[in-house]
file coords21.cif (mmCIF, C-alpha atoms)
data_target
loop_
_atom_site.label_atom_id
_atom_site.label_comp_id
_atom_site.auth_asym_id
_atom_site.auth_seq_id
_atom_site.Cartn_x
_atom_site.Cartn_y
_atom_site.Cartn_z
CA MET A 839 100.36 92.91 88.26
CA ARG A 840 100.55 96.63 88.94
CA PHE A 841 98.56 96.20 92.11
CA PHE A 842 100.71 93.22 93.11
CA ILE A 843 103.88 95.30 92.89
CA ALA A 844 102.29 98.27 94.65
CA SER A 845 101.17 96.06 97.54
CA LEU A 846 104.52 94.33 97.69
CA LYS A 847 106.36 97.65 97.91
CA ARG A 848 103.97 99.00 100.50
CA ASP A 849 104.29 95.96 102.75
CA LEU A 850 108.07 95.86 102.49
CA LEU A 851 108.18 99.55 103.37
CA VAL A 852 105.89 99.02 106.38
CA HIS A 853 108.11 96.20 107.63
CA PHE A 854 111.37 98.07 107.11
CA ARG A 855 109.96 101.01 109.05
CA LYS A 856 109.04 98.67 111.90
CA PRO A 857 111.83 96.08 111.77
CA SER A 858 111.05 94.50 115.14
CA GLU A 859 108.42 92.26 113.59
CA ILE A 860 110.98 90.78 111.19
CA LEU A 861 113.90 90.72 113.58
CA ASN A 862 112.15 89.13 116.55
CA PRO A 863 111.62 85.73 114.86
CA LEU A 864 115.20 85.74 113.54
CA VAL A 865 116.66 86.52 116.95
CA PHE A 866 114.39 83.87 118.45
CA PHE A 867 115.68 81.35 115.91
CA ILE A 868 119.32 82.13 116.68
CA VAL A 869 118.79 82.10 120.44
CA VAL A 870 116.95 78.75 120.43
CA ILE A 871 119.64 77.14 118.30
CA SER A 872 122.53 78.53 120.30
CA LEU A 873 120.96 77.18 123.51
CA PHE A 874 121.37 73.59 122.35
CA PRO A 875 125.17 73.48 122.46
CA LEU A 876 124.91 74.93 125.97
CA GLY A 877 122.32 72.39 127.08
CA LEU A 878 123.66 69.29 125.36
CA GLY A 879 127.33 69.94 125.87
CA PRO A 880 129.85 70.77 123.19
CA SER A 881 130.33 67.27 121.80
CA PRO A 882 130.39 67.51 117.96
CA GLU A 883 128.90 64.01 117.37
CA GLN A 884 125.92 64.61 119.58
CA LEU A 885 125.24 68.11 118.21
CA SER A 886 125.47 67.15 114.58
CA SER A 887 123.12 64.20 115.15
CA VAL A 888 120.39 66.39 116.66
CA ALA A 889 121.08 69.33 114.32
CA PRO A 890 118.45 68.55 111.63
CA ALA A 891 115.63 68.24 114.15
CA VAL A 892 116.73 71.28 116.15
CA VAL A 893 117.10 73.50 113.12
CA TRP A 894 113.76 72.47 111.65
CA VAL A 895 111.73 72.82 114.81
CA ALA A 896 113.28 76.23 115.47
CA ALA A 897 112.62 77.32 111.87
CA LEU A 898 108.96 76.26 112.06
CA LEU A 899 108.42 78.12 115.32
CA ALA A 900 110.19 81.23 114.04
CA THR A 901 108.04 81.25 110.90
CA LEU A 902 104.88 80.90 112.95
CA MET A 903 105.85 83.82 115.18
CA SER A 904 105.40 86.33 112.40
CA MET A 905 102.46 84.55 110.80
CA ASP A 906 99.52 86.07 112.65
CA GLN A 907 100.59 89.55 111.55
CA MET A 908 100.14 88.72 107.88
CA PHE A 909 96.61 90.12 107.51
CA SER A 910 95.70 91.40 110.95
CA SER A 911 97.36 94.78 110.69
CA ASP A 912 95.53 95.55 107.45
CA PHE A 913 92.33 94.29 109.00
CA GLU A 914 92.67 96.50 112.06
CA ASP A 915 93.35 99.72 110.17
CA GLY A 916 90.67 99.09 107.56
CA SER A 917 92.90 98.68 104.48
CA LEU A 918 91.66 95.12 104.04
CA GLU A 919 88.07 96.37 103.80
CA GLN A 920 89.13 98.82 101.12
CA VAL A 921 90.73 96.01 99.10
CA LEU A 922 87.56 93.92 99.39
CA VAL A 923 85.32 96.81 98.39
CA SER A 924 87.46 97.78 95.41
CA ASP A 925 87.49 95.82 92.18
CA GLN A 926 91.08 94.70 92.65
CA SER A 927 91.54 90.97 92.80
CA LEU A 928 91.83 89.64 96.32
CA PRO A 929 94.05 86.66 95.39
CA VAL A 930 96.63 89.12 94.03
CA TYR A 931 96.64 90.95 97.34
CA VAL A 932 96.94 87.66 99.25
CA ALA A 933 99.78 86.53 96.99
CA ALA A 934 101.66 89.75 97.68
CA LYS A 935 101.25 89.18 101.44
CA ILE A 936 102.62 85.63 101.12
CA VAL A 937 105.61 86.74 99.05
CA VAL A 938 106.45 89.48 101.55
CA HIS A 939 106.24 87.01 104.41
CA TRP A 940 108.56 84.61 102.60
CA LEU A 941 111.06 87.36 101.72
CA LEU A 942 111.22 88.58 105.29
CA SER A 943 111.01 85.36 107.28
CA GLY A 944 112.03 82.53 104.92
CA VAL A 945 114.93 84.03 103.00
CA PRO A 946 116.84 85.32 106.07
CA LEU A 947 116.64 81.83 107.61
CA VAL A 948 118.12 80.31 104.44
CA LEU A 949 120.95 82.83 104.55
CA LEU A 950 121.59 82.07 108.22
CA MET A 951 121.83 78.33 107.59
CA PRO A 952 125.59 78.07 106.89
CA VAL A 953 126.40 79.83 110.17
CA ILE A 954 123.90 77.74 112.10
CA GLY A 955 125.37 74.61 110.53
CA LEU A 956 128.85 75.54 111.76
CA VAL A 957 127.54 76.21 115.27
CA LEU A 958 126.07 72.69 115.36
CA PHE A 959 129.15 70.99 113.79
CA VAL A 960 127.25 69.91 110.68
CA ASP A 961 129.59 68.90 107.84
CA GLY A 962 129.65 70.35 104.32
CA PRO A 963 127.02 68.14 102.64
CA GLY A 964 124.80 68.56 105.68
CA ILE A 965 124.95 72.35 105.43
CA TRP A 966 124.13 72.18 101.75
CA ALA A 967 121.17 69.92 102.44
CA MET A 968 119.95 72.20 105.21
CA SER A 969 120.13 75.30 103.01
CA ILE A 970 118.51 73.67 99.99
CA SER A 971 115.74 72.02 101.97
CA LEU A 972 114.96 75.30 103.71
CA LEU A 973 114.97 77.10 100.38
CA LEU A 974 112.39 74.61 99.12
CA VAL A 975 110.36 74.51 102.29
CA SER A 976 110.24 78.13 103.43
CA PRO A 977 107.81 79.17 100.67
CA THR A 978 105.63 76.21 101.65
CA LEU A 979 105.65 77.40 105.25
CA SER A 980 104.54 80.90 104.24
CA LEU A 981 101.89 79.53 101.89
CA LEU A 982 100.35 77.09 104.36
CA GLY A 983 100.63 79.61 107.17
CA SER A 984 98.67 82.17 105.20
CA ILE A 985 95.59 79.95 105.49
CA GLY A 986 95.82 80.00 109.27
CA ALA A 987 96.56 83.71 109.32
CA ALA A 988 93.56 84.42 107.11
CA LEU A 989 91.24 82.27 109.22
CA THR A 990 92.18 84.04 112.43
CA VAL A 991 92.07 87.62 111.14
CA GLY A 992 90.06 89.69 113.57
CA LEU A 993 90.24 87.21 116.41
CA PRO A 994 91.88 88.36 119.60
CA ARG A 995 94.99 86.32 120.42
CA GLY A 996 94.98 84.73 117.00
CA GLY A 997 98.67 83.85 117.19
CA LEU A 998 98.30 80.73 119.29
CA LEU A 999 95.33 79.58 117.23
CA VAL A 1000 97.37 79.92 114.02
CA THR A 1001 99.99 77.65 115.55
CA ILE A 1002 97.43 75.01 116.50
CA LEU A 1003 95.72 75.16 113.11
CA ILE A 1004 98.84 75.10 111.00
CA MET A 1005 101.22 72.79 112.86
CA PRO A 1006 99.52 69.61 111.56
CA LEU A 1007 99.96 70.88 107.99
CA TYR A 1008 103.65 71.44 108.67
CA VAL A 1009 104.24 67.85 109.81
CA PRO A 1010 104.83 66.26 106.37
CA VAL A 1011 107.25 69.03 105.49
CA LEU A 1012 109.08 68.53 108.77
CA VAL A 1013 109.34 64.77 108.23
CA PHE A 1014 110.79 65.00 104.72
CA ALA A 1015 113.09 67.93 105.43
CA THR A 1016 114.59 66.37 108.54
CA ALA A 1017 115.05 63.05 106.77
CA MET A 1018 116.74 64.81 103.87
CA VAL A 1019 119.29 66.53 106.11
CA GLN A 1020 119.98 63.34 108.08
CA THR A 1021 120.50 61.40 104.86
CA ALA A 1022 122.87 64.06 103.55
CA ILE A 1023 124.88 64.04 106.78
CA GLY A 1024 125.13 60.24 106.48
CA GLY A 1025 126.44 60.65 102.91
CA GLY A 1026 123.30 59.32 101.16
CA ASP A 1027 121.46 60.44 98.04
CA VAL A 1028 118.86 63.15 98.71
CA THR A 1029 117.26 63.47 95.23
CA GLY A 1030 114.09 61.67 96.32
CA PHE A 1031 113.57 64.06 99.22
CA VAL A 1032 114.10 67.08 96.98
CA TYR A 1033 111.34 65.80 94.69
CA TRP A 1034 109.00 65.28 97.63
CA LEU A 1035 109.63 68.77 98.99
CA LEU A 1036 109.13 70.25 95.52
CA ALA A 1037 105.88 68.34 95.13
CA ILE A 1038 104.59 69.68 98.45
CA LEU A 1039 105.68 73.19 97.44
CA LEU A 1040 103.81 72.99 94.13
CA LEU A 1041 100.72 71.61 95.82
CA SER A 1042 100.63 74.39 98.37
CA LEU A 1043 101.47 76.99 95.72
CA SER A 1044 98.39 76.01 93.76
CA LEU A 1045 95.95 75.57 96.64
CA ALA A 1046 97.00 77.71 99.60
CA PRO A 1047 96.42 81.17 98.03
CA LEU A 1048 92.89 80.15 97.04
CA ALA A 1049 92.16 78.81 100.50
CA ALA A 1050 93.63 81.92 102.13
CA THR A 1051 91.58 84.18 99.87
CA ALA A 1052 88.38 82.39 100.80
CA ALA A 1053 89.35 82.52 104.46
CA VAL A 1054 89.99 86.28 104.33
CA ARG A 1055 86.52 86.83 102.89
CA ILE A 1056 84.93 84.75 105.62
CA SER A 1057 86.89 86.46 108.39
CA VAL A 1058 86.04 90.00 107.29
CA ASP A 1059 82.36 89.14 106.78
CA GLN A 1060 81.18 90.17 110.24
CA MET B 7 76.49 105.92 81.08
CA LEU B 8 73.45 107.44 82.69
CA VAL B 9 71.22 105.15 84.67
CA ASP B 10 67.82 105.80 86.23
CA VAL B 11 68.44 103.75 89.31
CA MET B 12 71.90 103.03 90.68
CA LEU B 13 70.86 100.77 93.46
CA GLN B 14 67.74 98.79 94.11
CA VAL B 15 67.21 97.18 97.49
CA GLN B 16 64.29 94.88 98.19
CA GLY B 17 63.13 92.95 101.21
CA LEU B 18 66.39 93.51 103.03
CA GLY B 19 66.50 92.04 106.50
CA CYS B 20 69.33 91.42 108.88
CA GLU B 21 69.61 89.76 112.22
CA ARG B 22 72.68 89.97 114.43
CA ASP B 23 73.18 88.21 117.73
CA ARG B 24 69.53 87.12 117.67
CA ARG B 25 68.41 90.74 117.39
CA GLN B 26 66.49 91.84 114.32
CA LEU B 27 68.20 95.02 113.11
CA PHE B 28 65.81 95.68 110.26
CA ARG B 29 63.47 93.70 108.08
CA SER B 30 61.83 94.06 104.66
CA LEU B 31 63.70 97.24 103.94
CA ALA B 32 63.17 98.55 100.42
CA PHE B 33 64.66 101.61 98.83
CA SER B 34 66.41 102.72 95.69
CA LEU B 35 69.07 105.25 94.86
CA SER B 36 68.97 107.47 91.81
CA PRO B 37 71.60 109.79 90.37
CA GLY B 38 71.66 113.08 92.23
CA GLU B 39 70.16 111.60 95.35
CA LEU B 40 71.43 112.23 98.86
CA LEU B 41 70.30 109.52 101.21
CA GLN B 42 70.89 109.73 104.93
CA ILE B 43 70.48 106.65 107.05
CA VAL B 44 69.27 107.67 110.49
CA GLY B 45 68.74 105.66 113.60
CA SER B 46 69.90 105.37 117.17
CA ASN B 47 73.23 103.83 118.12
CA GLY B 48 73.22 100.14 117.41
CA SER B 49 70.24 100.32 115.07
CA GLY B 50 72.23 98.80 112.21
CA LYS B 51 73.32 101.80 110.16
CA SER B 52 76.90 100.63 109.72
CA THR B 53 75.75 97.07 109.09
CA LEU B 54 73.41 98.31 106.38
CA LEU B 55 76.26 100.18 104.66
CA ARG B 56 78.51 97.14 104.96
CA ILE B 57 75.81 95.02 103.33
CA LEU B 58 75.50 97.52 100.48
CA VAL B 59 79.21 97.40 99.67
CA GLY B 60 79.39 93.65 100.06
CA LEU B 61 81.42 93.43 103.26
CA PHE B 62 78.64 91.67 105.15
CA THR B 63 76.72 88.88 103.52
CA ASP B 64 74.61 87.36 106.26
CA PHE B 65 71.37 89.04 105.24
CA GLU B 66 68.15 88.25 103.41
CA GLY B 67 66.73 90.14 100.47
CA ASP B 68 68.21 91.61 97.30
CA VAL B 69 70.80 94.29 96.76
CA ASN B 70 71.20 95.12 93.07
CA TRP B 71 73.76 97.58 91.81
CA SER B 72 73.61 98.83 88.25
CA LEU B 73 76.97 100.56 88.24
CA GLU B 74 80.05 99.61 86.32
CA LYS B 75 82.47 100.07 89.17
CA PRO B 76 82.07 99.55 92.88
CA PRO B 77 81.11 102.60 94.96
CA LEU B 78 83.66 104.41 97.07
CA TYR B 79 83.35 103.39 100.69
CA LEU B 80 84.43 105.15 103.85
CA GLY B 81 84.23 102.91 106.87
CA HIS B 82 84.79 103.44 110.56
CA ARG B 83 88.38 102.37 110.12
CA VAL B 84 90.30 104.94 108.16
CA ALA B 85 92.54 102.59 106.12
CA THR B 86 95.74 104.53 106.79
CA LYS B 87 98.93 102.77 107.82
CA ASP B 88 100.64 104.46 110.75
CA SER B 89 104.15 103.66 109.54
CA LEU B 90 103.60 105.15 106.09
CA THR B 91 103.55 108.83 105.21
CA VAL B 92 100.41 110.60 104.13
CA LYS B 93 101.48 110.53 100.52
CA GLU B 94 102.46 106.86 100.55
CA ASN B 95 99.06 106.01 101.99
CA VAL B 96 97.26 108.03 99.35
CA VAL B 97 99.30 106.45 96.55
CA TRP B 98 98.53 102.90 97.67
CA LEU B 99 94.84 103.59 98.16
CA SER B 100 94.78 105.05 94.66
CA GLU B 101 96.20 101.80 93.29
CA LEU B 102 93.01 100.12 94.49
CA HIS B 103 91.05 102.09 91.93
CA SER B 104 93.43 101.21 89.07
CA GLU B 105 93.73 104.91 88.33
CA PRO B 106 97.27 106.10 88.90
CA VAL B 107 97.35 109.69 90.09
CA CYS B 108 100.01 112.31 89.49
CA ASP B 109 101.86 114.13 92.24
CA ALA B 110 100.19 117.40 91.37
CA GLY B 111 96.76 115.81 91.74
CA ILE B 112 97.68 114.43 95.14
CA SER B 113 99.09 117.76 96.36
CA GLU B 114 95.98 119.55 95.19
CA ALA B 115 93.65 117.08 96.90
CA LEU B 116 95.70 117.23 100.11
CA ALA B 117 95.66 121.02 99.98
CA SER B 118 91.89 121.19 99.66
CA LEU B 119 91.57 118.95 102.70
CA GLY B 120 93.94 121.16 104.67
CA LEU B 121 96.84 118.71 104.69
CA THR B 122 99.42 120.84 102.88
CA GLY B 123 102.82 120.34 104.44
CA PHE B 124 101.86 116.93 105.83
CA GLU B 125 102.75 114.95 102.67
CA ASP B 126 105.80 113.37 104.27
CA THR B 127 104.46 113.10 107.80
CA TYR B 128 103.93 109.61 109.19
CA CYS B 129 100.28 108.92 109.78
CA SER B 130 101.10 107.87 113.34
CA HIS B 131 101.80 111.56 114.02
CA LEU B 132 98.40 112.69 112.78
CA SER B 133 95.28 113.31 114.82
CA ALA B 134 92.12 111.27 114.33
CA GLY B 135 90.56 114.04 112.27
CA GLN B 136 93.62 114.34 110.05
CA LYS B 137 93.65 110.58 109.41
CA LYS B 138 90.01 110.80 108.43
CA ARG B 139 90.95 113.55 106.00
CA VAL B 140 93.64 111.31 104.49
CA SER B 141 91.07 108.62 103.78
CA LEU B 142 88.76 111.26 102.31
CA VAL B 143 91.41 112.13 99.71
CA GLN B 144 90.18 109.12 97.69
CA PHE B 145 86.83 110.78 97.20
CA LEU B 146 88.48 113.80 95.61
CA LEU B 147 90.95 111.87 93.46
CA HIS B 148 88.66 109.23 92.04
CA PRO B 149 85.37 110.38 90.55
CA ASN B 150 82.75 107.77 91.31
CA PRO B 151 78.99 107.91 90.77
CA CYS B 152 78.27 106.64 94.24
CA TRP B 153 79.75 107.41 97.65
CA ILE B 154 78.93 105.33 100.68
CA MET B 155 80.12 107.01 103.84
CA ASP B 156 79.83 105.84 107.40
CA GLU B 157 80.01 108.85 109.73
CA PRO B 158 82.05 111.05 107.39
CA PHE B 159 81.82 114.01 109.78
CA SER B 160 83.00 112.35 112.96
CA ALA B 161 86.31 113.80 114.20
CA ILE B 162 86.21 116.48 111.48
CA ASP B 163 86.37 120.14 112.56
CA ILE B 164 83.99 122.94 111.54
CA ASP B 165 86.04 124.11 108.54
CA GLY B 166 86.45 120.54 107.36
CA MET B 167 82.76 119.94 107.70
CA ALA B 168 81.97 123.01 105.60
CA TYR B 169 84.38 121.77 102.96
CA LEU B 170 82.86 118.27 103.00
CA GLU B 171 79.42 119.77 102.61
CA SER B 172 80.61 121.59 99.51
CA CYS B 173 82.01 118.27 98.21
CA PHE B 174 78.62 116.68 98.82
CA GLN B 175 76.98 119.42 96.80
CA GLY B 176 79.51 118.95 94.02
CA GLN B 177 78.89 115.21 93.90
CA ILE B 178 75.10 115.64 93.86
CA SER B 179 75.07 118.36 91.20
CA GLY B 180 77.40 116.24 89.09
CA GLY B 181 74.76 113.51 88.98
CA GLY B 182 76.36 111.35 91.64
CA ALA B 183 74.66 109.88 94.67
CA ILE B 184 75.64 109.61 98.32
CA ILE B 185 74.46 107.31 101.05
CA PHE B 186 75.74 108.36 104.44
CA THR B 187 75.14 108.14 108.14
CA SER B 188 75.60 111.07 110.45
CA HIS B 189 74.38 112.38 113.76
CA GLN B 190 75.19 115.97 112.85
CA PRO B 191 72.75 118.22 111.01
CA LEU B 192 73.92 119.00 107.52
CA ALA B 193 73.92 122.56 106.22
CA ILE B 194 73.30 122.09 102.51
CA ASP B 195 70.57 123.18 100.15
CA ASN B 196 69.93 119.85 98.48
CA THR B 197 67.05 117.68 99.54
CA ILE B 198 68.14 114.99 101.91
CA ASN B 199 66.10 111.83 101.77
CA THR B 200 66.17 109.90 104.98
CA LEU B 201 65.82 106.25 105.73
CA GLU B 202 65.05 105.58 109.34
CA LEU B 203 66.07 102.37 111.00
CA SER B 204 63.97 101.73 114.05
CA GLU B 205 63.41 98.63 116.07
#

call {"tool": "encode", "arguments": {"input": "coords21.cif", "output": "structure tokens"}}
result
Amino acid sequence: MRFFIASLKRDLLVHFRKPSEILNPLVFFIVVISLFPLGLGPSPEQLSSVAPAVVWVAALLATLMSMDQMFSSDFEDGSLEQVLVSDQSLPVYVAAKIVVHWLLSGVPLVLLMPVIGLVLFVDGPGIWAMSISLLLVSPTLSLLGSIGAALTVGLPRGGLLVTILIMPLYVPVLVFATAMVQTAIGGGDVTGFVYWLLAILLLSLSLAPLAATAAVRISVDQ
Amino acid sequence: MLVDVMLQVQGLGCERDRRQLFRSLAFSLSPGELLQIVGSNGSGKSTLLRILVGLFTDFEGDVNWSLEKPPLYLGHRVATKDSLTVKENVVWLSELHSEPVCDAGISEALASLGLTGFEDTYCSHLSAGQKKRVSLVQFLLHPNPCWIMDEPFSAIDIDGMAYLESCFQGQISGGGAIIFTSHQPLAIDNTINTLELSE
């Protein structure tokens, strides 16, 4: 636990000292979303009907942008080797990386949701559904993404490869989350979707860190 | 705990990119032993050290450690984060050894490595030699029976080298062992056993 907190603090400090890596995906997210009203025209009906898909696709891409950095910077400067050589537990280190990624890429997106919802003329229940679904899904995105990030550590131009590897895993999440927001906008009951998203979250919470840990070991073993 | 043999290696062979680096290598490491791995560039010195610490597993043969904690390892990459200060780097690296260190200990270790006044300097502002010194702080802060060092003297100046040599002597006389690679001659009184890797 001590090592978990130490790693968490260190990574947060590193990111706050170099904020461009956190801010770039957020700016990207806002820019992509604000282009849609310009491209589609300012009709509220049309915008609110495409809003769930637009928001979700933009959120997935923004999350993936920062993904390849998860382990590669520690790999390049040799800190990852030191973790592997020491008797500290590697899963703890991986878990800290995932939590930091979620705090810096998932949580800001959740906080941005109400504003984004207003931009796209989504009504009250729709905004709620968007925020809650993103709150449930963003940890899943970080967890699943960590597997791809761990597999591509040490590869040049790993970013694109992460996207190709991880996108298929994101599809179920995308399907349920978009459906949940659309149902909420139509005034329907979203409990079923919440359960599905929670189930996927729990599944990835239990399996992804193990897979990422194994992948880190394989990637460094060269 | 005093052991006769810290490390026993038998029948070690490694092939990389269809090139046999070494085969049926056998050696052991006892307390108080200084073992230098020598060989030309690309002869597999770094790979051998990586195998010993468990960072590279594609080899044949046996590597048996009889130590309670893993050896300290210094690799080619210095394990310092550019956006953290010297002290922050040292503190995190110390966490890896589950032995929290006090500020006074850190200052003392930094002073003996000639880094006084650099505690709050970002590592991005340090030279290659200074970064190397930061990663060497671990070896002063955390007593360990075995040091494994890949090119500890590269990028280190003459004064630093003299200091490192005295650290080597301290480690050896304290019953510790060191395995290292270096292309520089070492000016110390202890016997240096060598292991030559040749094709």

call {"tool": "resolve_selection", "arguments": {"input": "coords21.cif", "expression": "the PyMOL selection byres ((chain B) within 6 of (chain A))", "output": "list in words"}}
result
Leu61, Phe62, Arg83, Val84, Ala85 and Ser89 of chain B

call {"tool": "residues_around", "arguments": {"input": "coords21.cif", "residues": "Cys152 in chain B", "least_positions_apart": "5", "cutoff": "8 Å", "atoms": "all atoms listed in the file", "output": "short mmCIF file (atom, residue, chain, number, x, y, z; two decimals) with C-alpha atoms, keeping the file's coordinate frame"}}
result
data_model
loop_
_atom_site.label_atom_id
_atom_site.label_comp_id
_atom_site.auth_asym_id
_atom_site.auth_seq_id
_atom_site.Cartn_x
_atom_site.Cartn_y
_atom_site.Cartn_z
CA PRO B 77 81.11 102.60 94.96
CA LEU B 78 83.66 104.41 97.07
CA GLY B 182 76.36 111.35 91.64
CA ALA B 183 74.66 109.88 94.67
CA ILE B 184 75.64 109.61 98.32
CA ILE B 185 74.46 107.31 101.05
#

call {"tool": "resolve_selection", "arguments": {"input": "coords21.cif", "expression": "the PyMOL selection byres ((chain A and resi 1001) around 12)", "output": "ChimeraX atom specification"}}
result
/A:898-906,979,982-987,989-990,995-1000,1002-1008

call {"tool": "closest_residue", "arguments": {"input": "coords21.cif", "among": "B:Ile154, B:Ala193, B:Val44, B:Leu201", "to": "Met167 in chain B", "atoms": "only C-alpha atoms"}}
result
B:Ala193

call {"tool": "closest_residue", "arguments": {"input": "coords21.cif", "among": "A:Pro994, A:Pro946, A:Pro1010, A:Gly955", "to": "Leu861 in chain A", "atoms": "all atoms listed in the file"}}
result
A:Pro946

call {"tool": "residues_around", "arguments": {"input": "coords21.cif", "residues": "Pro929 in chain A", "least_positions_apart": "5", "cutoff": "7 Å", "atoms": "all atoms listed in the file", "output": "list of chain:residue names"}}
result
A:Pro1047, A:Leu1048, A:Thr1051

call {"tool": "closest_residue", "arguments": {"input": "coords21.cif", "among": "A:Val932, A:Val960, A:Ile954, A:Ala897", "to": "Ile1023 in chain A", "atoms": "all atoms listed in the file"}}
result
A:Val960

call {"tool": "closest_residue", "arguments": {"input": "coords21.cif", "among": "B:Cys129, B:Asn150, B:Gly67, B:Ser72", "to": "Gly181 in chain B", "atoms": "all atoms listed in the file"}}
result
B:Asn150

call {"tool": "atom_distance", "arguments": {"input": "coords21.cif", "atom1": "CA of Ser872 in chain A", "atom2": "CA of Leu958 in chain A"}}
result
8.4 Å

call {"tool": "resolve_selection", "arguments": {"input": "coords21.cif", "expression": "the PyMOL selection byres ((chain B and resi 143) around 9)", "output": "count of residues only"}}
result
15

call {"tool": "residues_around", "arguments": {"input": "coords21.cif", "residues": "range 1035-1046 of chain A", "least_positions_apart": "2", "cutoff": "7 Å", "atoms": "only C-alpha atoms", "output": "JSON, numbers by chain"}}
result
{"A": [974, 975, 978, 981, 982, 985, 1011, 1014, 1031, 1032, 1033, 1048, 1049, 1050]}

call {"tool": "write_last_selection", "arguments": {"input": "coords21.cif", "atoms": "C-alpha atoms", "output": "PDB file, in the coordinates of the input"}}
result
ATOM      1  CA  LEU A 974     112.390  74.610  99.120  1.00  0.00           C
ATOM      2  CA  VAL A 975     110.360  74.510 102.290  1.00  0.00           C
ATOM      3  CA  THR A 978     105.630  76.210 101.650  1.00  0.00           C
ATOM      4  CA  LEU A 981     101.890  79.530 101.890  1.00  0.00           C
ATOM      5  CA  LEU A 982     100.350  77.090 104.360  1.00  0.00           C
ATOM      6  CA  ILE A 985      95.590  79.950 105.490  1.00  0.00           C
ATOM      7  CA  VAL A1011     107.250  69.030 105.490  1.00  0.00           C
ATOM      8  CA  PHE A1014     110.790  65.000 104.720  1.00  0.00           C
ATOM      9  CA  PHE A1031     113.570  64.060  99.220  1.00  0.00           C
ATOM     10  CA  VAL A1032     114.100  67.080  96.980  1.00  0.00           C
ATOM     11  CA  TYR A1033     111.340  65.800  94.690  1.00  0.00           C
ATOM     12  CA  LEU A1048      92.890  80.150  97.040  1.00  0.00           C
ATOM     13  CA  ALA A1049      92.160  78.810 100.500  1.00  0.00           C
ATOM     14  CA  ALA A1050      93.630  81.920 102.130  1.00  0.00           C
TER      15      ALA A1050
END

call {"tool": "atom_distance", "arguments": {"input": "coords21.cif", "atom1": "CA of Ile868 in chain A", "atom2": "CA of Val957 in chain A"}}
result
10.2 Å
